[in-house]
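Have a look at the structure below, then the notes.
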Protein chains: 2
Amino acid sequence: MKNAYELLEERFGRLGRLEGAIEILQWDTQTMMPKGSVEGRGEQLATLRVIAHELLSDPQLDDLFAKAETLSLDGWQSANLYEMRQAWRHSNALPADLVVAISKATAACGMAWRTARKEDNFAALKPHLEEVFNLVRRQGECKSAALGLTPYNALLDEYEPGVTTDIIDGLFDDLAAFLPDFIDEVLAVQQAAPSILPLKGDFSTERQRTLGLKMMGVLGFDFDRGRLDVSHHPFCGGSFGDVRITTRYSEESFAESLMGVLHETGHALYELGRPKPWAFQPVGVSRSMGTHESQSLLMEMQACRSREFITFVAPQLREAFGSNGEAWAEENLYRYYTKVERGLIRVDADEVTYPAHVIMRYRMERALVSGDLQVADLPGAWRDAMKEMIGIDVPNDRDGCMQDIHWIEGIVGYFPTYTLGALIAAQLFEAAKEANGDILPSISRGDFKPLLGWLRENIHQWGRRYTVDELLNRATGKSLDASIFRDHLKARYLPKER
Amino acid sequence: MKNAYELLEERFGRLGRLEGAIEILQWDTQTMMPKGSVEGRGEQLATLRVIAHELLSDPQLDDLFAKAETLSLDGWQSANLYEMRQAWRHSNALPADLVVAISKATAACGMAWRTARKEDNFAALKPHLEEVFNLVRRQGECKSAALGLTPYNALLDEYEPGVTTDIIDGLFDDLAAFLPDFIDEVLAVQQAAPSILPLKGDFSTERQRTLGLKMMGVLGFDFDRGRLDVSHHPFCGGSFGDVRITTRYSEESFAESLMGVLHETGHALYELGRPKPWAFQPVGVSRSMGTHESQSLLMEMQACRSREFITFVAPQLREAFGSNGEAWAEENLYRYYTKVERGLIRVDADEVTYPAHVIMRYRMERALVSGDLQVADLPGAWRDAMKEMIGIDVPNDRDGCMQDIHWIEGIVGYFPTYTLGALIAAQLFEAAKEANGDILPSISRGDFKPLLGWLRENIHQWGRRYTVDELLNRATGKSLDASIFRDHLKARYLPKER
C-alpha cells in the first residue's frame, strides 16, 4: 500500500512525463511542423494541457499533501513535496472564468498588437492592453490570496519563486544608479579606440551550422541527448535527456547565430545536468527562470566573450569561414564581441545596456499592476525612462513600448529574471574561477570541462532541492550581490591597462 | 446540457487528439530523436498510452453507449457510435494481467528473436514463441467472448473489422489455386525475354530526395500538410492534417526508395483525405488496414508500375540521375519494374509472389491459434509451404519462419490485410478506369488529379462511415472479387501481344 507521498510522486511523475511530451510537440511546432497543421496541433496541445491541468489541480491532492507532510521524509522528498504543493496552489489560484477571460483577452491583444505595432499605432493597442492589465491585476489578487504574497510578488513567484520585490529593488536600484554614467564612460573609451573592422567571409548556412555544432561540442553538449535545429525564434526546449536547441542563420553575418548557439547551449547544459533520479518530479526541474538565464549568460557573456575564449575561437572562425587578415585577428574580434551601443531594442542590446532595458520594464510593470501607472501613460513613461537610463530618444512606439510581446501575452513578473540571470551568472563565474584557477586557462584551450564540472557540482545537479538564495550561498558563500556584476563590467569595459 | 452522444463525442474527441499527439511522438522517435533518449521517450509514450487507455476503457461509457443508442442519430453519428462501442469493447476485452503478460512475453520474445535470428537458431526462439502463442490464444478467447466472434476472427477484427475467415478463405483459396502455376508461366515468359540492363547513375541521397519530393507532388501530396523524412523502416505516420512519410536511401540504387515513397504517398493521400468534420472521431479514421494498404498498393503497384506511368517517369529519371542510354529507355525500365522472382523474403517480394507469402502465413497463424499447428512444427511447415506456393527451397530458418516480426510481437490477424489490400487496390483501380477513361492517359502525362479525385470521392472522404464491403459495393458495384486481381496479373505479366 502506497503512502500519501508515494501516491503524490506517482501523480506528479505522470504529470512530468506528460509535460515532457508537450515540450517535444512544442519543439516540433517551431521546427518541423508543416505550416498547414497549426490548427490541429493547437487542438492536440490544448488537449494535453487540459489533461495536465486536471492532473495538477485535482482538489483531492490537498488531502494527500496534508497527510504527506506528517510523514518522515528526506531532504529531497521534502523539497519535492513543497514544490508539488506550490505548483498545485498556482494551478488552483485562478477561477476558471478568469483563466478563460485572460486567454481571450491576450489572444485579442496579440491580434491587435501585430497590426498596431506595424502601423506604430499605440491608440489601437491601448484598450486591449488595458483589458489585459485589468485581468493581470485580478490574477495578482487571486494568486496573492492563494500564496500569501503581495500581488506582484505572487505573479513573480511563477517565474522566480522565493525572490521578492524587496530583493530585486535592492539589486536594481544599485544598478540603476550605476549604469547611466557607466554607459557614458564605456562609450567614450570605445569611441576613442580604433574603429572595428568589418568581418567578411563565406557565411553560408552550412558553414555556420558546422561551426555551431563544433562549439556546442566544445562547451560539453551531448549529441546523444539533444539536437540543433532551425526556428524563427531561437530557444532551448525538449524534455529530460532529450534537449533541443535552435538557432537561425543570416548569410550576412555569423555573429548572431554563433552567440545564440552558445547562449542556448548554456541553457541546454543546465537541462542535461538535472538530477536523473528526480527527472520527472517537480524537485528535479530547473530552479527558476533567473537561474536558467544565468546558465546561458554565464556561457555566452561571461565565458564566451572573455579574452580567453576569443583566443581559442579566433583561429576556429578563420578556418570555418575561410577568412583571414586584420579583421579576423584576436584584437578586432574581441572588440567586435564587446561593443556597446545605446539602442532602442532590448533583444539587440549588449550586456552593459541590457539591464537598463530590464529595470525600466520591471518598474513600469509593477506600477501598472499597482495602478500607479496607467496604460494610457505608457508611451510617455517609456520615453522618459529610455532617456534617463540609456540616454536615447525614442522616435516611435513601435520601437518603444510596443516592442516586446510579454505584456501583450499577459506575462508580468518575467522581465526581472533576465537581469537576475546576468547577476547570478557574474557571481557564479567569479566563484568558479576562484575555486578552480584552471577554468579560464582551460577555456583559452577550448576545454570547458573544469567550468562545466563546477556548474554540475554547484548548480545543475540540485534541481529545486534548494532555493536560489541557498544555492548561491552554497556555491559562492553569499547572497546575490550586484557589485560582482558591476565589477565584471568595469573590468571588461574600462580596463585599467590598455 | 449535453446528451449521451454529445458526451461521448467529447470524450472520443479528446482521445483522438491524444492519439494524434502519440503519433507525432512516434514519428519523432523514428526520425529525429537522439539515440540516448530512448528510455525517457519510452516513459513519455507509456504515460500517454495509459491516459488514452483510461479514457477509452472507462466502465462508465457503457451506460452512455446504451443511452446514446436510444437517441435519434444521423448516419454519420450512428456509425461513429458503433465505432466507439467497438473500440471500447476491444479495450475492455482483456483482463489487466493478460495485458501485462503479453507485454512481458513479447518483450522477451523480441530480445530472443534478435539473437536467434542472427544465429539461425530456432530452438532458442521456440519456448518464447510458444509462450506468445499461448497468450495470443487467451487473447483470442477473451476477444471472442467480448465481440461474439470466433477467436481468430476476433483477433482479425482489430485490423480488418467486418471481414472474417469465411470471406478470406474464399479469396485466398482462389489465389492459392492460381498462383503456383501462374508464377511458373510468368517466369518462363520473362526468362525468354532479353535480360534487363542494369541501371547506373549518380544515386546520391540529395538527387533521390529531390526526385521523391517531385513524385509526391505529382501524386497530389500537399506539403503544407505533411513531410518527407528518413527512417530505418519506412512508414506513413503523423496525425490529421499533418501526415509524415519516411523513406531510406541506398546510393547503390534508387529503386527501393522511389517505389517506397510512391507507396507511402498512397497511404498519405488516404490520411490527407479523411473527413475533416470527423477528424478526431472514431468514424473519421481510415476504414481498415486492408483498405489502407489498398491505397498504397493502388499507387505503387497499379498506377506507378503501369506502362503509362513509366512513359511519364522515364525522362524524369534520366534527368534526375543524369543518365541516358538503352538501360534508361522506357522498355527496359518497364521490365525492371515488373520483374518477378521466386524469393525467400516477403518484404522483398514482387506483386505476383507477395500474395503467396501472405496466404501461407495466414493459414499458419490460424492453425497456430486453433492448435492444429504447434510452434515446434513451424520450420517444417514453412519449408513445405514455400515449396508448394512459391516453388523454392528454404535453406535456413533465419530467412524462413524467423524473418517477420509480427508473431514475435504477438500480432496475429494482420498478415491477411496485405493481400486484401492488393485485391481491393486492383478492384478499385479497375472501377476507377471504367468510371473515368481519362485516368490512365492522364497518368502518362504525370497528372494524377482524375485518379485522386475518384479515390477522394469513393474512399477517402468516407472514413469509417461504411464497412469495407459497403464501400466496395458503392465504389465498384460488387463485393471483393479475387478474379479482378488475377486478371490484372494476367494482363500485366502474360500480355497477349508482345
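Just remember, in the C-alpha cells the first chain shown is A, the second B, etc., residues are 1-based per chain, and ligands are 1-based in the order shown.
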Interface list for chain A, partner chain B, 10 Å threshold, only C-alpha atoms, as a ChimeraX atom specification: /A:13-22,24-25,28,32-48,50-51,222-227,239-244,279-280
Got time to write the residues from that selection, C-alpha atoms, as an mmCIF file, in the first residue's frame?
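Wrote it out as selection-v3.cif, contents follow:
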```
data_model
loop_
_atom_site.group_PDB
_atom_site.id
_atom_site.type_symbol
_atom_site.label_atom_id
_atom_site.label_comp_id
_atom_site.auth_asym_id
_atom_site.auth_seq_id
_atom_site.Cartn_x
_atom_site.Cartn_y
_atom_site.Cartn_z
ATOM 1 C CA GLY A 13 5.595 11.538 -12.288
ATOM 2 C CA ARG A 14 2.757 11.110 -14.730
ATOM 3 C CA LEU A 15 2.394 14.870 -14.987
ATOM 4 C CA GLY A 16 6.139 15.314 -15.578
ATOM 5 C CA ARG A 17 6.149 12.809 -18.443
ATOM 6 C CA LEU A 18 3.087 14.431 -19.955
ATOM 7 C CA GLU A 19 4.780 17.823 -19.749
ATOM 8 C CA GLY A 20 7.844 16.327 -21.470
ATOM 9 C CA ALA A 21 5.625 15.147 -24.313
ATOM 10 C CA ILE A 22 4.139 18.653 -24.567
ATOM 11 C CA ILE A 24 8.590 17.845 -27.660
ATOM 12 C CA LEU A 25 5.390 18.763 -29.512
ATOM 13 C CA ASP A 28 8.084 20.176 -33.355
ATOM 14 C CA MET A 32 9.316 20.588 -38.175
ATOM 15 C CA MET A 33 5.560 21.023 -38.441
ATOM 16 C CA PRO A 34 4.178 21.845 -41.884
ATOM 17 C CA LYS A 35 2.519 25.243 -41.843
ATOM 18 C CA GLY A 36 -0.975 23.920 -42.616
ATOM 19 C CA SER A 37 -1.073 21.906 -39.403
ATOM 20 C CA VAL A 38 -1.322 24.844 -36.997
ATOM 21 C CA GLU A 39 -4.962 24.281 -36.142
ATOM 22 C CA GLY A 40 -4.751 20.546 -35.490
ATOM 23 C CA ARG A 41 -1.574 20.943 -33.459
ATOM 24 C CA GLY A 42 -3.246 23.680 -31.423
ATOM 25 C CA GLU A 43 -6.058 21.263 -30.586
ATOM 26 C CA GLN A 44 -3.627 18.473 -29.688
ATOM 27 C CA LEU A 45 -1.641 20.738 -27.393
ATOM 28 C CA ALA A 46 -4.787 22.161 -25.822
ATOM 29 C CA THR A 47 -5.996 18.615 -25.080
ATOM 30 C CA LEU A 48 -2.707 17.621 -23.462
ATOM 31 C CA VAL A 50 -6.201 20.250 -20.200
ATOM 32 C CA ILE A 51 -5.241 16.721 -19.135
ATOM 33 C CA ASP A 222 25.997 15.633 -25.551
ATOM 34 C CA PHE A 223 24.635 14.947 -29.042
ATOM 35 C CA ASP A 224 23.309 11.573 -27.922
ATOM 36 C CA ARG A 225 20.882 13.503 -25.765
ATOM 37 C CA GLY A 226 19.991 16.505 -27.873
ATOM 38 C CA ARG A 227 19.890 18.283 -31.217
ATOM 39 C CA SER A 239 12.455 17.114 -22.349
ATOM 40 C CA PHE A 240 14.633 15.318 -19.825
ATOM 41 C CA GLY A 241 17.590 13.656 -21.533
ATOM 42 C CA ASP A 242 16.463 14.989 -24.924
ATOM 43 C CA VAL A 243 17.361 18.661 -25.018
ATOM 44 C CA ARG A 244 16.848 20.504 -28.274
ATOM 45 C CA ALA A 279 13.864 13.659 -13.710
ATOM 46 C CA PHE A 280 10.066 13.776 -13.829
#
```
When DSSP is applied to the backbone of this structure, which of range 277-409 of chain B are assigned helix (DSSP H, G or I)? Write them out as number ranges by chain. B: 277-278, 282-284, 289-303, 307-321, 326-328, 330-337, 346-348, 354-370, 375-389
So how far away is CA of Pro441 in chain A from CA of Ala426 in chain A, in Å? 17.8 Å
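Separating CA of Trp454 in chain A from CA of Ala432 in chain A is a distance of 6.5 Å.
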Would you kindly return, as a ChimeraX atom specification, each protein, DNA or RNA residue with an atom no farther than 12 Å from any atom of Lys433 in chain A, considering only C-alpha atoms and excluding same-chain residues fewer than 5 positions away? /A:302-303,426-428,438-443,450-452,454-455,475-476
Save out the residues we just selected, C-alpha atoms, as a PDB file, in the first residue's frame.
```pdb
ATOM      1  CA  GLN A 302      30.989  35.537 -19.057  1.00  0.00           C
ATOM      2  CA  ALA A 303      32.851  32.684 -20.723  1.00  0.00           C
ATOM      3  CA  ALA A 426      28.594  37.025 -12.843  1.00  0.00           C
ATOM      4  CA  GLN A 427      28.577  35.826  -9.235  1.00  0.00           C
ATOM      5  CA  LEU A 428      28.826  32.141 -10.176  1.00  0.00           C
ATOM      6  CA  ASP A 438      42.361  26.366 -14.245  1.00  0.00           C
ATOM      7  CA  ILE A 439      38.904  27.370 -15.519  1.00  0.00           C
ATOM      8  CA  LEU A 440      39.957  30.418 -17.551  1.00  0.00           C
ATOM      9  CA  PRO A 441      43.239  28.970 -18.875  1.00  0.00           C
ATOM     10  CA  SER A 442      41.290  25.874 -19.959  1.00  0.00           C
ATOM     11  CA  ILE A 443      38.790  27.994 -21.870  1.00  0.00           C
ATOM     12  CA  PRO A 450      36.578  22.419 -15.485  1.00  0.00           C
ATOM     13  CA  LEU A 451      33.830  25.055 -15.816  1.00  0.00           C
ATOM     14  CA  LEU A 452      31.096  22.544 -16.620  1.00  0.00           C
ATOM     15  CA  TRP A 454      31.885  23.227 -11.323  1.00  0.00           C
ATOM     16  CA  LEU A 455      28.423  24.105 -12.639  1.00  0.00           C
ATOM     17  CA  ALA A 475      28.155  27.927  -4.313  1.00  0.00           C
ATOM     18  CA  THR A 476      29.565  31.390  -3.702  1.00  0.00           C
TER      19      THR A 476
END
```
Tell me, in Å to one decimal, how far CA of Arg209 in chain A is from CA of His232 in chain A. 15.3 Å
Write out as a CSV table (one decimal) with C-alpha atoms, in the first residue's frame which residues come within 8 Å of Phe221 in chain B when counting only C-alpha atoms, dropping same-chain ones fewer than 2 positions away.
```csv
chain,number,residue,atom,x,y,z
B,216,MET,CA,5.0,13.0,-54.2
B,217,GLY,CA,3.9,16.3,-55.6
B,218,VAL,CA,2.9,14.6,-58.9
B,219,LEU,CA,0.7,12.2,-57.0
B,223,PHE,CA,3.4,19.8,-48.5
B,226,GLY,CA,3.0,16.8,-44.4
B,265,THR,CA,2.4,8.6,-50.6
B,268,ALA,CA,-0.6,9.6,-47.0
B,269,LEU,CA,-3.2,10.6,-49.6
```
Nearest to Ala356 in chain A: which of A:Leu94, A:Leu7, A:Met259, A:Ala385 is it, counting only C-alpha atoms?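 Among the listed residues, A:Ala385 lies closest to Ala356 in chain A.
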Report as a ChimeraX atom specification: the residues of range 11-245 of chain B with a DSSP assignment of strand (DSSP E or B), based on the backbone of this structure. /B:226-230,236-239,242-245
Would you kindly return, as a compact mmCIF listing (two decimals) with N, CA and C atoms, in the first residue's frame, each protein, DNA or RNA residue with an atom no farther than 8 Å from any atom of Ala176 in chain A, considering only C-alpha atoms and excluding same-chain residues fewer than 3 positions away?
```
# COMPACT_ATOMS: atom_id res chain seq x y z
N PHE A 172 18.37 46.21 -8.22
CA PHE A 172 18.14 47.04 -9.41
C PHE A 172 18.41 48.52 -9.13
N ASP A 173 18.13 48.98 -7.90
CA ASP A 173 18.42 50.38 -7.57
C ASP A 173 19.93 50.62 -7.64
N LEU A 179 24.47 52.48 -13.87
CA LEU A 179 24.55 52.29 -15.31
C LEU A 179 24.63 53.55 -16.18
N PRO A 180 23.78 54.57 -15.96
CA PRO A 180 23.80 55.69 -16.91
C PRO A 180 25.19 56.31 -17.07
N ALA A 356 19.57 47.94 -18.16
CA ALA A 356 18.81 49.19 -18.13
C ALA A 356 17.43 48.98 -18.76
N ILE A 359 15.38 46.94 -16.15
CA ILE A 359 14.99 47.67 -14.94
C ILE A 359 13.79 48.58 -15.22
N MET A 389 17.72 56.24 -18.50
CA MET A 389 18.52 55.04 -18.26
C MET A 389 19.58 54.81 -19.34
```
For Gln295 in chain B, find every residue with an atom within 12 Å (counting only C-alpha atoms), except residues of its own chain fewer than 5 positions away, and show them as a ChimeraX atom specification. /B:236,262-273,286-290,300-303,418,420-429,451-452,455-456,458-460
